[in-house]
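entry.cif (mmCIF, C-alpha atoms) appears below.
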```cif
data_final
loop_
_atom_site.label_atom_id
_atom_site.label_comp_id
_atom_site.auth_asym_id
_atom_site.auth_seq_id
_atom_site.Cartn_x
_atom_site.Cartn_y
_atom_site.Cartn_z
CA MET K 57 -11.82 -26.71 -40.63
CA PRO K 58 -9.75 -26.41 -37.41
CA PRO K 59 -11.47 -24.21 -34.79
CA ARG K 60 -8.58 -21.73 -34.65
CA THR K 61 -8.65 -21.31 -38.44
CA ALA K 62 -12.40 -20.71 -38.39
CA LEU K 63 -11.99 -18.10 -35.64
CA ARG K 64 -9.23 -16.37 -37.57
CA GLN K 65 -11.35 -16.22 -40.71
CA ARG K 66 -14.35 -14.90 -38.80
CA ARG K 67 -12.22 -12.24 -37.16
CA ALA K 68 -10.81 -11.16 -40.53
CA GLN K 69 -14.31 -10.85 -42.00
CA LEU K 70 -15.54 -8.83 -39.04
CA GLU K 71 -12.53 -6.51 -39.32
CA ARG K 72 -13.39 -5.87 -42.99
CA ASP K 73 -17.04 -5.23 -42.11
CA TRP K 74 -16.07 -2.94 -39.24
CA GLU K 75 -13.74 -1.00 -41.54
CA CYS K 76 -16.54 -0.43 -44.05
CA TRP K 77 -19.33 0.29 -41.59
CA VAL K 78 -17.53 2.15 -38.81
CA ALA K 79 -14.39 3.63 -40.34
CA HIS K 80 -15.93 4.56 -43.72
CA ARG K 81 -19.51 4.98 -42.46
CA SER K 82 -20.98 2.71 -45.12
CA PRO K 83 -24.16 1.23 -43.55
CA GLY K 84 -25.30 -2.00 -45.14
CA ALA K 85 -21.78 -3.19 -45.88
CA ALA K 86 -21.43 -5.34 -42.75
CA ALA K 87 -23.02 -8.54 -44.04
CA ALA K 88 -21.38 -10.80 -41.44
CA VAL K 89 -22.41 -8.68 -38.44
CA ASP K 90 -25.54 -9.32 -36.41
CA PRO K 91 -28.14 -6.53 -36.89
CA GLU K 92 -28.25 -5.94 -33.13
CA VAL K 93 -24.55 -5.11 -33.27
CA THR K 94 -24.84 -2.70 -36.20
CA GLN K 95 -27.83 -1.04 -34.53
CA SER K 96 -25.67 -0.58 -31.43
CA TRP K 97 -22.86 0.83 -33.58
CA ALA K 98 -25.28 3.35 -35.05
CA ARG K 99 -26.52 4.47 -31.62
CA ALA K 100 -23.06 4.72 -30.10
CA LEU K 101 -21.08 6.38 -32.89
CA PRO K 102 -22.35 9.91 -32.23
CA GLU K 103 -21.03 9.70 -28.64
CA VAL K 104 -18.14 7.21 -28.64
CA SER K 105 -15.01 7.44 -30.75
CA PRO K 106 -13.89 4.07 -32.19
CA ALA K 107 -10.34 5.27 -31.47
CA ARG K 108 -10.95 5.43 -27.71
CA ASP K 109 -8.19 3.52 -25.94
CA SER K 110 -9.92 2.73 -22.63
CA ALA K 111 -13.21 3.04 -20.78
CA PRO K 112 -13.94 6.21 -18.81
CA SER K 113 -13.95 5.92 -15.04
CA CYS K 114 -16.71 6.41 -12.51
CA ALA K 115 -15.66 7.59 -9.06
CA ASP K 116 -18.96 6.53 -7.45
CA ALA K 117 -18.81 2.76 -8.07
CA ARG K 118 -19.75 1.14 -4.73
CA TRP K 119 -19.14 -2.61 -4.62
CA GLN K 120 -19.65 -2.58 -0.85
CA ASP K 121 -23.30 -1.54 -1.26
CA SER K 122 -24.15 -3.79 -4.21
CA PRO K 123 -26.76 -6.54 -3.65
CA LEU K 124 -24.56 -8.72 -5.87
CA ARG K 125 -21.58 -8.56 -3.52
CA GLU K 126 -22.56 -11.34 -1.12
CA PRO K 127 -23.63 -13.91 -3.77
CA VAL K 128 -20.57 -13.13 -5.92
CA LEU K 129 -18.15 -13.54 -3.01
CA ALA K 130 -19.89 -16.83 -2.15
CA SER K 131 -19.11 -17.96 -5.73
CA THR K 132 -15.49 -16.80 -5.67
CA ALA K 133 -14.08 -20.34 -5.79
CA GLU K 134 -15.93 -21.16 -9.03
CA LEU K 135 -15.09 -17.81 -10.63
CA ARG K 136 -11.45 -18.11 -9.57
CA SER K 137 -11.20 -21.62 -11.03
CA ILE K 138 -12.67 -20.55 -14.38
CA ALA K 139 -10.61 -17.36 -14.59
CA GLU K 140 -7.31 -18.99 -13.70
CA ASP K 141 -7.73 -22.32 -15.51
CA ALA K 142 -9.23 -21.00 -18.74
CA GLY K 143 -7.46 -17.63 -18.94
CA TYR K 144 -10.49 -15.37 -18.48
CA VAL K 145 -11.19 -12.18 -16.60
CA ALA K 146 -14.43 -12.34 -14.60
CA ALA K 147 -16.26 -9.06 -13.98
CA VAL K 148 -19.44 -7.91 -12.28
CA ALA K 149 -21.03 -4.62 -13.33
CA ASP K 150 -24.02 -2.75 -11.94
CA ALA K 151 -27.24 -2.12 -13.85
CA GLY K 152 -25.69 0.99 -15.40
CA GLY K 153 -22.71 -0.88 -16.82
CA THR K 154 -20.08 0.31 -14.31
CA ILE K 155 -17.72 -2.48 -13.27
CA LEU K 156 -17.75 -3.14 -9.53
CA TRP K 157 -15.49 -6.20 -9.20
CA THR K 158 -13.07 -8.20 -11.34
CA PHE K 159 -10.91 -11.26 -10.95
CA GLY K 160 -8.37 -12.87 -13.25
CA GLY K 161 -4.87 -14.20 -13.57
CA ARG K 162 -2.02 -11.70 -13.50
CA VAL K 163 -1.44 -11.59 -17.27
CA MET K 164 -5.11 -11.24 -18.24
CA ARG K 165 -5.81 -8.80 -15.44
CA ARG K 166 -3.01 -6.49 -16.61
CA ARG K 167 -4.26 -6.71 -20.16
CA ALA K 168 -7.79 -5.85 -19.01
CA GLU K 169 -6.56 -2.91 -16.96
CA ARG K 170 -5.05 -1.33 -20.10
CA VAL K 171 -8.58 -0.76 -21.43
CA ASN K 172 -9.94 -0.02 -17.92
CA PHE K 173 -11.84 -3.29 -17.76
CA ALA K 174 -11.53 -2.91 -14.01
CA ALA K 175 -13.47 -1.65 -11.02
CA GLY K 176 -14.83 1.80 -11.79
CA GLY K 177 -14.69 1.40 -15.57
CA ARG K 178 -17.88 2.49 -17.36
CA TRP K 179 -18.95 -0.02 -20.02
CA SER K 180 -22.41 1.18 -20.98
CA GLU K 181 -23.09 1.73 -24.67
CA THR K 182 -22.90 5.50 -24.25
CA ALA K 183 -19.53 5.24 -22.47
CA MET K 184 -17.67 2.49 -24.35
CA GLY K 185 -19.77 1.70 -27.39
CA THR K 186 -20.85 -1.79 -28.38
CA ASN K 187 -19.65 -4.53 -26.02
CA ALA K 188 -21.12 -7.64 -24.40
CA LEU K 189 -21.96 -5.92 -21.10
CA SER K 190 -23.90 -3.14 -22.81
CA LEU K 191 -25.71 -5.57 -25.14
CA ALA K 192 -26.72 -7.81 -22.22
CA LEU K 193 -28.07 -4.85 -20.25
CA ASP K 194 -29.79 -3.16 -23.19
CA HIS K 195 -31.57 -6.33 -24.35
CA ASN K 196 -31.90 -8.02 -20.93
CA ARG K 197 -30.48 -11.31 -22.17
CA PRO K 198 -27.08 -13.02 -22.56
CA ALA K 199 -24.82 -11.51 -25.21
CA THR K 200 -21.47 -12.25 -26.84
CA CYS K 201 -19.19 -9.71 -28.49
CA PHE K 202 -16.36 -11.15 -30.59
CA SER K 203 -13.37 -9.16 -31.85
CA ALA K 204 -14.44 -6.42 -34.31
CA GLU K 205 -18.05 -6.60 -33.18
CA HIS K 206 -16.79 -4.19 -30.52
CA LEU K 207 -17.18 -0.61 -31.68
CA VAL K 208 -13.90 0.50 -30.07
CA GLN K 209 -10.92 -0.80 -32.02
CA ALA K 210 -8.82 -1.31 -28.89
CA LEU K 211 -11.18 -4.19 -28.00
CA HIS K 212 -10.83 -6.11 -31.26
CA GLY K 213 -8.42 -8.53 -29.59
CA TRP K 214 -11.11 -9.62 -27.11
CA VAL K 215 -14.14 -11.85 -26.90
CA CYS K 216 -16.65 -11.22 -24.10
CA TYR K 217 -19.60 -13.20 -22.75
CA SER K 218 -22.17 -11.45 -20.55
CA ALA K 219 -25.52 -12.19 -18.94
CA PRO K 220 -27.77 -10.02 -16.77
CA VAL K 221 -28.35 -10.94 -13.12
CA HIS K 222 -31.91 -10.55 -11.83
CA ALA K 223 -33.37 -10.04 -8.37
CA PRO K 224 -36.14 -12.45 -7.31
CA ASN K 225 -38.69 -9.84 -8.46
CA GLY K 226 -37.17 -9.76 -11.96
CA LYS K 227 -35.32 -6.45 -11.61
CA VAL K 228 -31.93 -6.33 -13.34
CA LEU K 229 -29.26 -5.84 -10.68
CA GLY K 230 -26.23 -5.97 -12.95
CA VAL K 231 -24.32 -8.23 -15.28
CA LEU K 232 -21.72 -11.00 -15.04
CA ASP K 233 -19.05 -11.09 -17.74
CA LEU K 234 -16.27 -13.47 -18.74
CA SER K 235 -13.72 -12.00 -21.16
CA THR K 236 -10.57 -13.29 -22.82
CA THR K 237 -8.54 -12.92 -26.01
CA TRP K 238 -10.36 -13.66 -29.27
CA ASP K 239 -8.35 -16.83 -29.96
CA ARG K 240 -9.67 -18.43 -26.74
CA SER K 241 -13.28 -18.10 -27.88
CA HIS K 242 -15.11 -21.30 -26.90
CA PRO K 243 -18.71 -22.54 -27.41
CA LEU K 244 -18.95 -23.54 -23.73
CA ALA K 245 -18.14 -20.05 -22.44
CA MET K 246 -21.69 -18.74 -22.71
CA PRO K 247 -23.29 -21.81 -21.06
CA THR K 248 -20.76 -21.33 -18.26
CA VAL K 249 -21.83 -17.70 -17.80
CA ARG K 250 -25.50 -18.75 -17.78
CA THR K 251 -24.79 -21.38 -15.12
CA LEU K 252 -22.88 -18.91 -12.95
CA VAL K 253 -25.68 -16.36 -13.24
CA SER K 254 -28.25 -19.01 -12.28
CA ALA K 255 -26.18 -19.76 -9.16
CA LEU K 256 -26.00 -16.05 -8.28
CA GLU K 257 -29.75 -15.63 -8.75
CA ALA K 258 -30.39 -18.70 -6.57
CA ARG K 259 -28.26 -17.16 -3.82
CA LEU K 260 -30.12 -13.86 -4.18
CA ALA K 261 -33.40 -15.73 -3.74
CA GLU K 262 -32.05 -17.39 -0.60
CA SER K 263 -31.08 -14.15 1.12
CA PRO K 264 -34.33 -12.52 2.19
CA LEU K 265 -37.03 -14.19 4.24
CA ASP K 266 -40.47 -14.11 2.63
CA LEU K 267 -41.78 -11.58 5.13
CA ALA K 268 -43.80 -8.42 5.02
CA PRO K 269 -41.66 -5.30 5.56
CA ALA K 270 -43.13 -4.87 9.03
CA GLY K 271 -42.69 -7.40 11.83
CA TRP K 272 -39.98 -9.38 13.54
CA SER K 273 -37.74 -11.74 11.60
CA LEU K 274 -34.94 -13.90 12.93
CA ARG K 275 -32.02 -15.00 10.81
CA CYS K 276 -30.26 -17.80 12.62
CA LEU K 277 -28.95 -19.89 9.72
CA GLY K 278 -25.38 -19.03 8.85
CA ARG K 279 -25.43 -16.07 11.24
CA GLY K 280 -27.58 -14.61 14.02
CA GLU K 281 -29.59 -11.43 13.56
CA LEU K 282 -32.96 -10.11 14.68
CA LEU K 283 -34.66 -7.60 12.39
CA ASP K 284 -37.55 -5.29 13.22
CA GLY K 285 -39.17 -4.27 9.96
CA GLY K 286 -35.81 -4.81 8.27
CA ALA K 287 -33.81 -2.84 10.86
CA PRO K 288 -31.24 -4.76 12.96
CA VAL K 289 -31.99 -5.15 16.67
CA PRO K 290 -28.88 -5.46 18.88
CA LEU K 291 -28.87 -8.74 20.84
CA ARG K 292 -26.12 -10.60 22.63
CA PRO K 293 -25.29 -14.15 21.43
CA ARG K 294 -27.07 -15.72 24.41
CA GLN K 295 -30.24 -13.77 23.69
CA LEU K 296 -30.12 -14.89 20.05
CA GLU K 297 -29.83 -18.47 21.28
CA ILE K 298 -32.88 -18.03 23.51
CA LEU K 299 -34.91 -16.47 20.72
CA THR K 300 -33.87 -19.22 18.31
CA LEU K 301 -34.93 -21.93 20.76
CA LEU K 302 -38.28 -20.25 21.37
CA THR K 303 -39.02 -20.04 17.63
CA LEU K 304 -38.20 -23.76 17.34
CA HIS K 305 -40.44 -24.58 20.33
CA PRO K 306 -43.69 -22.74 19.51
CA ASP K 307 -45.39 -24.28 22.57
CA GLY K 308 -42.76 -22.69 24.80
CA LEU K 309 -40.21 -23.93 27.31
CA THR K 310 -40.23 -23.96 31.09
CA PRO K 311 -37.38 -22.09 32.79
CA GLU K 312 -35.83 -25.49 33.63
CA GLN K 313 -36.03 -26.69 30.03
CA LEU K 314 -34.57 -23.47 28.67
CA GLN K 315 -31.74 -23.49 31.23
CA ASP K 316 -30.91 -27.10 30.34
CA ALA K 317 -30.93 -26.26 26.59
CA LEU K 318 -28.54 -23.37 27.15
CA TYR K 319 -26.22 -24.57 29.89
CA ALA K 320 -26.80 -28.34 30.44
CA ASP K 321 -24.93 -29.27 33.63
CA ARG K 322 -22.98 -26.03 33.95
CA PRO K 323 -23.53 -24.34 37.33
CA VAL K 324 -25.32 -21.17 36.18
CA HIS K 325 -27.65 -19.34 38.56
CA ARG K 326 -31.29 -18.97 37.51
CA THR K 327 -31.08 -15.18 37.83
CA THR K 328 -28.57 -15.15 34.93
CA LEU K 329 -31.15 -16.77 32.66
CA LYS K 330 -33.88 -14.44 33.90
CA ALA K 331 -31.73 -11.40 33.11
CA GLU K 332 -31.12 -12.64 29.55
CA VAL K 333 -34.82 -13.32 28.99
CA SER K 334 -35.72 -9.92 30.40
CA HIS K 335 -33.40 -8.19 27.94
CA LEU K 336 -34.90 -10.20 25.08
CA ARG K 337 -38.41 -9.33 26.27
CA ARG K 338 -37.59 -5.62 26.21
CA ALA K 339 -36.09 -5.92 22.72
CA LEU K 340 -39.31 -7.61 21.53
CA ARG K 341 -41.42 -4.99 23.32
CA GLY K 342 -42.95 -7.54 25.70
CA GLY K 343 -43.01 -10.41 23.20
CA VAL K 344 -41.92 -13.14 25.69
CA THR K 345 -44.18 -14.43 28.45
CA THR K 346 -42.93 -14.32 32.04
CA ARG K 347 -43.42 -17.72 33.66
CA SER K 348 -43.33 -20.50 31.09
CA TYR K 349 -41.32 -18.88 28.31
CA HIS K 350 -42.89 -18.68 24.89
CA LEU K 351 -43.24 -16.00 22.24
CA CYS K 352 -46.39 -13.92 22.33
CA ALA K 353 -45.28 -11.80 19.36
CA PRO K 354 -44.95 -13.33 15.87
CA VAL K 355 -41.29 -13.83 14.94
CA ALA K 356 -40.60 -15.32 11.51
CA SER K 357 -37.53 -17.56 11.54
CA ASP K 358 -35.50 -18.93 8.64
CA ALA K 359 -34.79 -22.12 10.60
CA ARG K 360 -38.50 -22.66 11.22
CA ALA K 361 -39.18 -21.92 7.54
CA VAL K 362 -36.70 -24.64 6.48
CA LEU K 363 -38.28 -27.22 8.80
CA ASP K 364 -41.81 -26.33 7.68
CA ALA K 365 -40.81 -26.59 4.02
CA LEU K 366 -39.17 -29.99 4.57
CA ALA K 367 -42.28 -31.21 6.39
CA ALA K 368 -44.29 -30.17 3.32
CA ARG K 369 -41.71 -31.87 1.02
CA GLU K 370 -40.94 -28.53 -0.61
CA VAL K 371 -37.19 -28.95 -1.04
CA THR K 372 -36.79 -25.91 -3.30
CA THR K 373 -38.35 -23.68 -0.65
CA ALA K 374 -36.22 -25.21 2.09
CA LEU K 375 -33.03 -24.56 0.11
CA ARG K 376 -34.11 -20.99 -0.60
CA HIS K 377 -34.32 -20.27 3.13
CA TYR K 378 -31.23 -22.25 4.10
CA ARG K 379 -28.07 -20.09 4.32
CA GLY K 380 -25.87 -22.23 6.57
CA SER K 381 -25.73 -24.04 9.87
CA LEU K 382 -27.88 -22.97 12.81
CA LEU K 383 -25.97 -20.32 14.84
CA PRO K 384 -22.65 -21.92 13.84
CA ASP K 385 -20.67 -20.33 16.70
CA SER K 386 -23.05 -21.52 19.42
CA GLU K 387 -22.09 -24.36 21.75
CA ALA K 388 -25.43 -24.41 23.62
CA PRO K 389 -26.65 -28.04 23.84
CA GLY K 390 -30.14 -27.20 22.59
CA ILE K 391 -28.77 -25.29 19.59
CA ARG K 392 -26.36 -28.12 18.73
CA GLU K 393 -29.25 -30.59 18.81
CA TRP K 394 -31.43 -28.50 16.51
CA ARG K 395 -28.44 -27.82 14.26
CA GLU K 396 -27.99 -31.54 13.68
CA ILE K 397 -31.73 -32.07 13.13
CA ILE K 398 -31.84 -29.40 10.42
CA GLU K 399 -28.62 -30.54 8.73
CA VAL K 400 -29.61 -34.23 8.64
CA ALA K 401 -33.17 -33.52 7.49
CA LEU K 402 -32.06 -31.17 4.70
CA ARG K 403 -29.28 -33.46 3.50
CA GLU K 404 -31.59 -36.45 3.42
CA ALA K 405 -34.22 -34.52 1.46
CA VAL K 406 -31.64 -33.31 -1.06
CA LEU K 407 -30.06 -36.74 -1.59
CA ARG K 408 -33.50 -38.27 -2.13
CA SER K 409 -34.69 -35.50 -4.44
CA PRO K 410 -34.70 -36.39 -8.17
CA GLN K 411 -33.76 -32.79 -9.04
CA THR K 412 -30.03 -32.33 -9.58
CA ASP K 413 -30.41 -28.58 -9.03
CA HIS K 414 -31.35 -29.31 -5.42
CA LEU K 415 -28.11 -31.21 -4.99
CA LEU K 416 -26.01 -28.46 -6.56
CA ALA K 417 -27.66 -25.78 -4.40
CA TYR K 418 -26.89 -27.87 -1.31
CA LEU K 419 -23.26 -28.31 -2.40
CA SER K 420 -22.85 -24.54 -2.68
CA ARG K 421 -23.31 -24.48 1.11
CA HIS K 422 -21.60 -27.80 1.88
CA PRO K 423 -18.53 -27.94 -0.41
CA TYR K 424 -16.87 -30.70 1.65
CA ASP K 425 -19.60 -33.34 1.40
CA LEU K 426 -17.81 -36.08 -0.53
CA GLU K 427 -20.82 -38.36 -0.93
CA ALA K 428 -23.01 -35.53 -2.25
CA HIS K 429 -20.33 -34.56 -4.80
CA GLN K 430 -20.07 -38.17 -5.98
CA LEU K 431 -23.83 -38.34 -6.42
CA ALA K 432 -23.85 -35.03 -8.35
CA LEU K 433 -21.13 -36.32 -10.64
CA ARG K 434 -23.16 -39.46 -11.42
CA ARG K 435 -26.29 -37.43 -12.15
CA LEU K 436 -24.84 -34.66 -14.31
CA ASP K 437 -24.76 -35.19 -18.05
CA PRO K 438 -21.19 -35.32 -19.46
CA ALA K 439 -22.00 -32.25 -21.58
CA ASP K 440 -23.20 -30.20 -18.59
CA VAL K 441 -20.61 -27.47 -17.89
CA ARG K 442 -21.42 -27.66 -14.16
CA ARG K 443 -19.83 -31.11 -14.12
CA GLY K 444 -16.38 -29.53 -14.31
CA VAL K 445 -16.95 -27.55 -11.12
CA VAL K 446 -18.11 -30.69 -9.29
CA LEU K 447 -15.14 -32.67 -10.64
CA ALA K 448 -12.67 -30.00 -9.51
CA GLN K 449 -14.07 -29.92 -5.98
CA LEU K 450 -14.20 -33.71 -5.84
CA HIS K 451 -10.53 -33.85 -6.83
CA LYS K 452 -9.68 -31.43 -4.02
CA LEU K 453 -11.59 -33.52 -1.50
CA ARG K 454 -9.92 -36.75 -2.57
CA SER K 455 -6.43 -35.25 -2.53
CA ALA K 456 -6.87 -33.50 0.83
#
```
Transcribe the structure of this file into structure tokens.
Amino acid sequence: MPPRTALRQRRAQLERDWECWVAHRSPGAAAAVDPEVTQSWARALPEVSPARDSAPSCADARWQDSPLREPVLASTAELRSIAEDAGYVAAVADAGGTILWTFGGRVMRRRAERVNFAAGGRWSETAMGTNALSLALDHNRPATCFSAEHLVQALHGWVCYSAPVHAPNGKVLGVLDLSTTWDRSHPLAMPTVRTLVSALEARLAESPLDLAPAGWSLRCLGRGELLDGGAPVPLRPRQLEILTLLTLHPDGLTPEQLQDALYADRPVHRTTLKAEVSHLRRALRGGVTTRSYHLCAPVASDARAVLDALAAREVTTALRHYRGSLLPDSEAPGIREWREIIEVALREAVLRSPQTDHLLAYLSRHPYDLEAHQLALRRLDPADVRRGVVLAQLHKLRSA
């Protein structure tokens, strides 16, 4: 039977079951409907009218404060490609089912907005009845809702695929959803959602350093920031460079070595360096020695963590800590040297690793590495949905 015909027949059967169960309140008549769906119908019916035309709005939805914001924006290219090429609307909701962010082509986005499948729309079971987002959150696992499985009749023209997104400690942070019209239902949609969620969870695991809440921590990969017990400490770029170099040289540097690493042959007076070190020392509450410079206070560094993990051949750990190039805006000779060391060592470890997931995690940070994309393409099984993302990026690189 052609796929479209099978979908049409399934939709017709679900509509008949919905009519009996929901419209005529005849429990037990919905033979084709999953019991989890009918149980959701039963819970939601006292609060949600099946005739509702759109989701209620929440004025307090705060995408800016969501822990999902950074990993989702880092995945925008993949989400954009799927939404535009396959005719889906991508959405991210918080743990309460309120949508925080959506993306889709103009036609699908307008269609979604008619039912308030947009930022601020409330899609919990108590707000909008049975839908994929509410099922995924209520059962803490991926869920699909096709056509008349939705309690609200205005959603019978849709099919939605959702999966919860977890923090590294297992806490549910929200849900990722891909939605489209019922006739575009596809068996690869749910594996695609699972893959995207895995990528988001990997990025969430990369974000924090494995540190106790108290203590100093330096983030110098992808950006520069010193934290004191999680609170930012204001430092100028030069002071961040000095601190980064000292964490990478645990035995310390002489004033001459540090000056050479920062300025090379530039004519900079020694008092300039001393002033920068003095400011850093005050920020660390005396944590830098005075003559031969080294740290006398423990400062955990993501760059040091990557190098230590690579030395121990723990590629997964190294990738978890790696968030980008070492102080990418710095032109200091010592920083440039360490930047190349870290990049070459990580790339070599990833290319030699037998785990394809290592390669894909690396490519999420280095989307322009042609050789790595070619290797990923050779390793991925033809049925793996991630292969399409690699192929698309490879095509862009070759046509650039």
Check what the PyMOL selection byres ((chain K and resi 132) around 12) selects in the file above and give those residues as a PDB file with C-alpha atoms, in the frame of the given file.
```pdb
ATOM      1  CA  ARG K 125     -21.580  -8.560  -3.520  1.00  0.00           C
ATOM      2  CA  GLU K 126     -22.560 -11.340  -1.120  1.00  0.00           C
ATOM      3  CA  PRO K 127     -23.630 -13.910  -3.770  1.00  0.00           C
ATOM      4  CA  VAL K 128     -20.570 -13.130  -5.920  1.00  0.00           C
ATOM      5  CA  LEU K 129     -18.150 -13.540  -3.010  1.00  0.00           C
ATOM      6  CA  ALA K 130     -19.890 -16.830  -2.150  1.00  0.00           C
ATOM      7  CA  SER K 131     -19.110 -17.960  -5.730  1.00  0.00           C
ATOM      8  CA  ALA K 133     -14.080 -20.340  -5.790  1.00  0.00           C
ATOM      9  CA  GLU K 134     -15.930 -21.160  -9.030  1.00  0.00           C
ATOM     10  CA  LEU K 135     -15.090 -17.810 -10.630  1.00  0.00           C
ATOM     11  CA  ARG K 136     -11.450 -18.110  -9.570  1.00  0.00           C
ATOM     12  CA  SER K 137     -11.200 -21.620 -11.030  1.00  0.00           C
ATOM     13  CA  ILE K 138     -12.670 -20.550 -14.380  1.00  0.00           C
ATOM     14  CA  ALA K 139     -10.610 -17.360 -14.590  1.00  0.00           C
ATOM     15  CA  GLU K 140      -7.310 -18.990 -13.700  1.00  0.00           C
ATOM     16  CA  ALA K 146     -14.430 -12.340 -14.600  1.00  0.00           C
ATOM     17  CA  ALA K 147     -16.260  -9.060 -13.980  1.00  0.00           C
ATOM     18  CA  VAL K 148     -19.440  -7.910 -12.280  1.00  0.00           C
ATOM     19  CA  TRP K 157     -15.490  -6.200  -9.200  1.00  0.00           C
ATOM     20  CA  THR K 158     -13.070  -8.200 -11.340  1.00  0.00           C
ATOM     21  CA  PHE K 159     -10.910 -11.260 -10.950  1.00  0.00           C
ATOM     22  CA  GLY K 160      -8.370 -12.870 -13.250  1.00  0.00           C
ATOM     23  CA  LEU K 252     -22.880 -18.910 -12.950  1.00  0.00           C
ATOM     24  CA  ALA K 255     -26.180 -19.760  -9.160  1.00  0.00           C
ATOM     25  CA  LEU K 256     -26.000 -16.050  -8.280  1.00  0.00           C
ATOM     26  CA  SER K 420     -22.850 -24.540  -2.680  1.00  0.00           C
TER      27      SER K 420
END
```
Long-range neighbours of range 96-104 of chain K as a VMD selection string, 10 Å cut-off, all atoms listed in the file, 2 positions minimum in chain: chain K and resid 74 77 to 78 81 83 91 to 94 106 to 108 180 to 187 190 to 191 194 205 to 208
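Reported to one decimal place, the separation of CA of Pro389 in chain K from CA of Val406 in chain K is 25.9 Å.
The nearest approach to Tyr319 in chain K among the residues K:Pro243, K:Pro224, K:Gly390, K:Gly143, with only C-alpha atoms taken into account, belongs to K:Gly390.
This file, filtered with the PyMOL selection byres ((chain K and resi 177) around 9), gives the residues Ser110, Ala111, Pro112, Ser113, Cys114, Ala117, Gly153, Thr154, Ile155, Leu156, Val171, Asn172, Phe173, Ala174, Ala175, Gly176, Arg178 and Trp179 of chain K.
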Neighbours of point (-7.8, -11.5, -27.5) within 12 Å, using only C-alpha atoms, written as a PyMOL selection string: chain K and resi 63-64+67+143-145+164+167-168+201-204+206+210-216+235-241
Answer key for the PyMOL selection byres ((chain K and resi 295-311) around 8), residues as JSON, numbers by chain: {"K": [274, 276, 280, 281, 282, 291, 292, 293, 294, 312, 313, 314, 315, 318, 332, 333, 335, 336, 347, 348, 349, 350, 351, 355, 356, 357, 359, 360, 383, 386, 388, 390, 391]}
Proximity to Arg379 in chain K - best of K:Leu277, K:Cys352, K:Leu426, K:Leu416, only C-alpha atoms: K:Leu277
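Atom pair CA of Leu382 in chain K / CA of Leu283 in chain K has a distance of 16.8 Å (rounded to one decimal).
Put simply, CA of Leu234 in chain K is 26.9 Å away from CA of Leu453 in chain K.
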Among listed residues K:Ala149, K:Ala432, K:Leu363, K:Val446, nearest Ala401 in chain K (using all atoms listed in the file): K:Leu363
Pick from K:Glu257, K:Val344, K:Gln209, K:Pro323, whichever lies nearest to Asp109 in chain K using all atoms listed in the file: K:Gln209
Let me know the centre plus edge lengths, in Å and rounded to one decimal, of a box with edges along x, y and z that contains all listed atoms of range 347-365 of chain K and is padded by 6 Å on every side, as AutoDock Vina command-line options.
```
--center_x -40.6 --center_y -19.5 --center_z 18.8 --size_x 23.6 --size_y 27.4 --size_z 41.6
```
